[in-house]
Every structure is written in C-alpha cells, then in structure tokens.
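Chemist: Just passing along the structure, written as structure tokens.
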Amino acid sequence: RFTVSFNRMVDDGRNDGIRAYSVQPGVIRVEGVAEGDRISVYSVDGVMAAQRVAASSAEDIAASVAVVAVVKVERDGKTVAVRKLKMKN
C-alpha cells in the first residue's frame, strides 16, 4: 500500500538525480536512471501498471494510470528511488 501526499513537488526530496514526470496522458518519463535499473509504475491502490528495465539514462514508459502514479526504481535488488507524480489529462 502507498500513502500519497502533494506539496507541489514532483519528487520526494531525495537528491539522487532520478526524476519522473508525465509528458502526455499515459506516458511517464524517468530520467537519471542507470542501464539495467528496473522501473515499476503503480497506481495509488498498489496495482502495477507497467514495468521496464532501463536501457538508457532516460526512459519513456506507457502506463494506464488515471490521476496519480508511483514510480519505483530498483538497482541491484534495492530500491533507490520512489517518485509520486500527477498524470497529465
């Protein structure tokens, strides 16, 4: 389960250089990842909407998430970033 809150910020305040944002309805761009990182996208109710292994430092992921998405980035089996974002309509 996830708890989501907004204070007009896209990321959760960590300074690891990983950024996630909605570029258009149904598409999320994740920047600052390393090749081989596992990127997972969840809806606020915890259902996985998409998953991909990064092939470059920036990835576009198609995910059918309506309003709010949670993006998790894992490296070597450890979570390195969790980002909450509002999807574009």
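Here, A, B, ... name the chains of the structure tokens in the order displayed, residue numbers run from 1 inside each chain, and ligands are numbered from 1 in the same displayed order.
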If we count only C-alpha atoms, what is near stretch 26-40 of chain A at a cut-off of 6 Å, once residues fewer than 4 positions away on the same chain are taken out, given as a PyMOL selection string?
Modeler: chain A and resi 17-22+50-64+71-75
Chemist: Could you please take those selected residues and save N, CA and C atoms as a PDB file, in the first residue's frame?
Modeler:
```
ATOM      1  N   GLY A  17      19.169  12.420  -8.152  1.00  0.00           N
ATOM      2  CA  GLY A  17      19.173  12.745  -9.569  1.00  0.00           C
ATOM      3  C   GLY A  17      18.131  12.025 -10.401  1.00  0.00           C
ATOM      4  N   ILE A  18      17.314  11.176  -9.813  1.00  0.00           N
ATOM      5  CA  ILE A  18      16.279  10.478 -10.561  1.00  0.00           C
ATOM      6  C   ILE A  18      15.007  11.326 -10.532  1.00  0.00           C
ATOM      7  N   ARG A  19      14.466  11.576 -11.714  1.00  0.00           N
ATOM      8  CA  ARG A  19      13.303  12.444 -11.856  1.00  0.00           C
ATOM      9  C   ARG A  19      12.248  11.724 -12.688  1.00  0.00           C
ATOM     10  N   ALA A  20      10.983  11.832 -12.307  1.00  0.00           N
ATOM     11  CA  ALA A  20       9.886  11.227 -13.066  1.00  0.00           C
ATOM     12  C   ALA A  20       8.791  12.258 -13.251  1.00  0.00           C
ATOM     13  N   TYR A  21       8.243  12.324 -14.467  1.00  0.00           N
ATOM     14  CA  TYR A  21       7.159  13.262 -14.736  1.00  0.00           C
ATOM     15  C   TYR A  21       6.334  12.766 -15.917  1.00  0.00           C
ATOM     16  N   SER A  22       5.111  13.242 -15.998  1.00  0.00           N
ATOM     17  CA  SER A  22       4.193  12.866 -17.071  1.00  0.00           C
ATOM     18  C   SER A  22       4.432  13.785 -18.262  1.00  0.00           C
ATOM     19  N   ALA A  50       2.917  -0.867 -15.090  1.00  0.00           N
ATOM     20  CA  ALA A  50       3.960  -1.093 -16.086  1.00  0.00           C
ATOM     21  C   ALA A  50       5.271  -1.408 -15.382  1.00  0.00           C
ATOM     22  N   GLN A  51       6.148  -2.110 -16.110  1.00  0.00           N
ATOM     23  CA  GLN A  51       7.487  -2.392 -15.589  1.00  0.00           C
ATOM     24  C   GLN A  51       8.439  -2.498 -16.770  1.00  0.00           C
ATOM     25  N   ARG A  52       9.652  -1.978 -16.599  1.00  0.00           N
ATOM     26  CA  ARG A  52      10.642  -1.986 -17.678  1.00  0.00           C
ATOM     27  C   ARG A  52      12.039  -1.973 -17.077  1.00  0.00           C
ATOM     28  N   VAL A  53      12.977  -2.568 -17.799  1.00  0.00           N
ATOM     29  CA  VAL A  53      14.390  -2.482 -17.439  1.00  0.00           C
ATOM     30  C   VAL A  53      14.992  -1.374 -18.292  1.00  0.00           C
ATOM     31  N   ALA A  54      15.663  -0.430 -17.646  1.00  0.00           N
ATOM     32  CA  ALA A  54      16.211   0.736 -18.346  1.00  0.00           C
ATOM     33  C   ALA A  54      17.329   0.327 -19.297  1.00  0.00           C
ATOM     34  N   ALA A  55      17.275   0.874 -20.505  1.00  0.00           N
ATOM     35  CA  ALA A  55      18.316   0.647 -21.498  1.00  0.00           C
ATOM     36  C   ALA A  55      19.166   1.903 -21.700  1.00  0.00           C
ATOM     37  N   SER A  56      18.729   3.027 -21.088  1.00  0.00           N
ATOM     38  CA  SER A  56      19.468   4.284 -21.196  1.00  0.00           C
ATOM     39  C   SER A  56      19.185   5.119 -19.954  1.00  0.00           C
ATOM     40  N   SER A  57      19.710   6.334 -19.917  1.00  0.00           N
ATOM     41  CA  SER A  57      19.536   7.178 -18.729  1.00  0.00           C
ATOM     42  C   SER A  57      18.160   7.837 -18.670  1.00  0.00           C
ATOM     43  N   ALA A  58      17.411   7.811 -19.767  1.00  0.00           N
ATOM     44  CA  ALA A  58      16.053   8.362 -19.798  1.00  0.00           C
ATOM     45  C   ALA A  58      15.142   7.362 -20.494  1.00  0.00           C
ATOM     46  N   GLU A  59      14.027   7.051 -19.864  1.00  0.00           N
ATOM     47  CA  GLU A  59      13.076   6.080 -20.414  1.00  0.00           C
ATOM     48  C   GLU A  59      11.675   6.669 -20.420  1.00  0.00           C
ATOM     49  N   ASP A  60      10.938   6.425 -21.506  1.00  0.00           N
ATOM     50  CA  ASP A  60       9.522   6.751 -21.579  1.00  0.00           C
ATOM     51  C   ASP A  60       8.740   5.460 -21.384  1.00  0.00           C
ATOM     52  N   ILE A  61       7.789   5.474 -20.464  1.00  0.00           N
ATOM     53  CA  ILE A  61       7.030   4.275 -20.137  1.00  0.00           C
ATOM     54  C   ILE A  61       5.547   4.551 -20.332  1.00  0.00           C
ATOM     55  N   ALA A  62       4.892   3.702 -21.131  1.00  0.00           N
ATOM     56  CA  ALA A  62       3.447   3.799 -21.309  1.00  0.00           C
ATOM     57  C   ALA A  62       2.781   3.068 -20.155  1.00  0.00           C
ATOM     58  N   ALA A  63       1.907   3.770 -19.435  1.00  0.00           N
ATOM     59  CA  ALA A  63       1.219   3.178 -18.289  1.00  0.00           C
ATOM     60  C   ALA A  63      -0.190   3.744 -18.206  1.00  0.00           C
ATOM     61  N   SER A  64      -1.149   2.872 -18.071  1.00  0.00           N
ATOM     62  CA  SER A  64      -2.535   3.325 -17.982  1.00  0.00           C
ATOM     63  C   SER A  64      -2.888   3.625 -16.522  1.00  0.00           C
ATOM     64  N   VAL A  71       6.235   5.816  -9.068  1.00  0.00           N
ATOM     65  CA  VAL A  71       7.314   5.214  -9.853  1.00  0.00           C
ATOM     66  C   VAL A  71       8.389   4.749  -8.892  1.00  0.00           C
ATOM     67  N   LYS A  72       8.770   3.470  -9.003  1.00  0.00           N
ATOM     68  CA  LYS A  72       9.817   2.906  -8.150  1.00  0.00           C
ATOM     69  C   LYS A  72      10.973   2.463  -9.034  1.00  0.00           C
ATOM     70  N   VAL A  73      12.196   2.828  -8.642  1.00  0.00           N
ATOM     71  CA  VAL A  73      13.396   2.442  -9.375  1.00  0.00           C
ATOM     72  C   VAL A  73      14.239   1.555  -8.465  1.00  0.00           C
ATOM     73  N   GLU A  74      14.589   0.373  -8.973  1.00  0.00           N
ATOM     74  CA  GLU A  74      15.411  -0.570  -8.220  1.00  0.00           C
ATOM     75  C   GLU A  74      16.727  -0.801  -8.949  1.00  0.00           C
ATOM     76  N   ARG A  75      17.811  -0.870  -8.181  1.00  0.00           N
ATOM     77  CA  ARG A  75      19.140  -1.145  -8.724  1.00  0.00           C
ATOM     78  C   ARG A  75      19.774  -2.237  -7.880  1.00  0.00           C
TER      79      ARG A  75
END
```
Chemist: Measuring between only C-alpha atoms, which one of A:Val23, A:Val67, A:Val41, A:Ala49 shows the shortest distance to A:Met87?
Modeler: A:Val67
Chemist: Could you tell me how far atom CA of A:Val80 lies from atom CA of A:Val68, in Å and to one decimal?
Modeler: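 Here the two named atoms are 20.1 Å from each other.
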Chemist: Which residues in chain A does DSSP call strand (DSSP E)? List them as a PDB file with C-alpha atoms, in the first residue's frame.
Modeler:
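Generated output (out_7.pdb):
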```
ATOM      1  CA  ARG A  19      13.303  12.444 -11.856  1.00  0.00           C
ATOM      2  CA  ALA A  20       9.886  11.227 -13.066  1.00  0.00           C
ATOM      3  CA  TYR A  21       7.159  13.262 -14.736  1.00  0.00           C
ATOM      4  CA  SER A  22       4.193  12.866 -17.071  1.00  0.00           C
ATOM      5  CA  VAL A  23       4.964  14.011 -20.627  1.00  0.00           C
ATOM      6  CA  GLN A  24       1.480  13.294 -22.007  1.00  0.00           C
ATOM      7  CA  VAL A  27       3.269   8.318 -20.730  1.00  0.00           C
ATOM      8  CA  ILE A  28       5.815   8.784 -17.931  1.00  0.00           C
ATOM      9  CA  ARG A  29       9.414   9.875 -18.498  1.00  0.00           C
ATOM     10  CA  VAL A  30      12.015   8.735 -15.956  1.00  0.00           C
ATOM     11  CA  GLU A  31      15.422  10.449 -16.117  1.00  0.00           C
ATOM     12  CA  ARG A  38      14.180  -1.866 -13.006  1.00  0.00           C
ATOM     13  CA  ILE A  39      11.471   0.803 -13.291  1.00  0.00           C
ATOM     14  CA  SER A  40       7.999  -0.045 -11.975  1.00  0.00           C
ATOM     15  CA  VAL A  41       4.879   2.121 -12.227  1.00  0.00           C
ATOM     16  CA  TYR A  42       1.966   1.659  -9.800  1.00  0.00           C
ATOM     17  CA  SER A  43      -1.440   3.229  -9.393  1.00  0.00           C
ATOM     18  CA  MET A  48       1.364  -2.441 -11.072  1.00  0.00           C
ATOM     19  CA  ALA A  49       0.599  -0.615 -14.323  1.00  0.00           C
ATOM     20  CA  ALA A  50       3.960  -1.093 -16.086  1.00  0.00           C
ATOM     21  CA  GLN A  51       7.487  -2.392 -15.589  1.00  0.00           C
ATOM     22  CA  ARG A  52      10.642  -1.986 -17.678  1.00  0.00           C
ATOM     23  CA  VAL A  53      14.390  -2.482 -17.439  1.00  0.00           C
ATOM     24  CA  ALA A  58      16.053   8.362 -19.798  1.00  0.00           C
ATOM     25  CA  GLU A  59      13.076   6.080 -20.414  1.00  0.00           C
ATOM     26  CA  ASP A  60       9.522   6.751 -21.579  1.00  0.00           C
ATOM     27  CA  ILE A  61       7.030   4.275 -20.137  1.00  0.00           C
ATOM     28  CA  ALA A  62       3.447   3.799 -21.309  1.00  0.00           C
ATOM     29  CA  VAL A  68      -1.609   9.742  -9.648  1.00  0.00           C
ATOM     30  CA  ALA A  69       1.261   7.339 -10.347  1.00  0.00           C
ATOM     31  CA  VAL A  70       4.003   5.987  -8.112  1.00  0.00           C
ATOM     32  CA  VAL A  71       7.314   5.214  -9.853  1.00  0.00           C
ATOM     33  CA  LYS A  72       9.817   2.906  -8.150  1.00  0.00           C
ATOM     34  CA  VAL A  73      13.396   2.442  -9.375  1.00  0.00           C
ATOM     35  CA  GLU A  74      15.411  -0.570  -8.220  1.00  0.00           C
ATOM     36  CA  ARG A  75      19.140  -1.145  -8.724  1.00  0.00           C
ATOM     37  CA  LYS A  78      17.487  -2.426  -3.776  1.00  0.00           C
ATOM     38  CA  THR A  79      15.020   0.441  -4.102  1.00  0.00           C
ATOM     39  CA  VAL A  80      16.959   3.601  -4.972  1.00  0.00           C
ATOM     40  CA  ALA A  81      14.049   5.979  -5.647  1.00  0.00           C
ATOM     41  CA  VAL A  82      10.293   6.293  -5.262  1.00  0.00           C
ATOM     42  CA  ARG A  83       8.562   9.178  -7.003  1.00  0.00           C
ATOM     43  CA  LYS A  84       4.924  10.265  -6.870  1.00  0.00           C
ATOM     44  CA  LEU A  85       3.515  12.248  -9.757  1.00  0.00           C
ATOM     45  CA  LYS A  86       0.269  13.631 -11.092  1.00  0.00           C
TER      46      LYS A  86
END
```
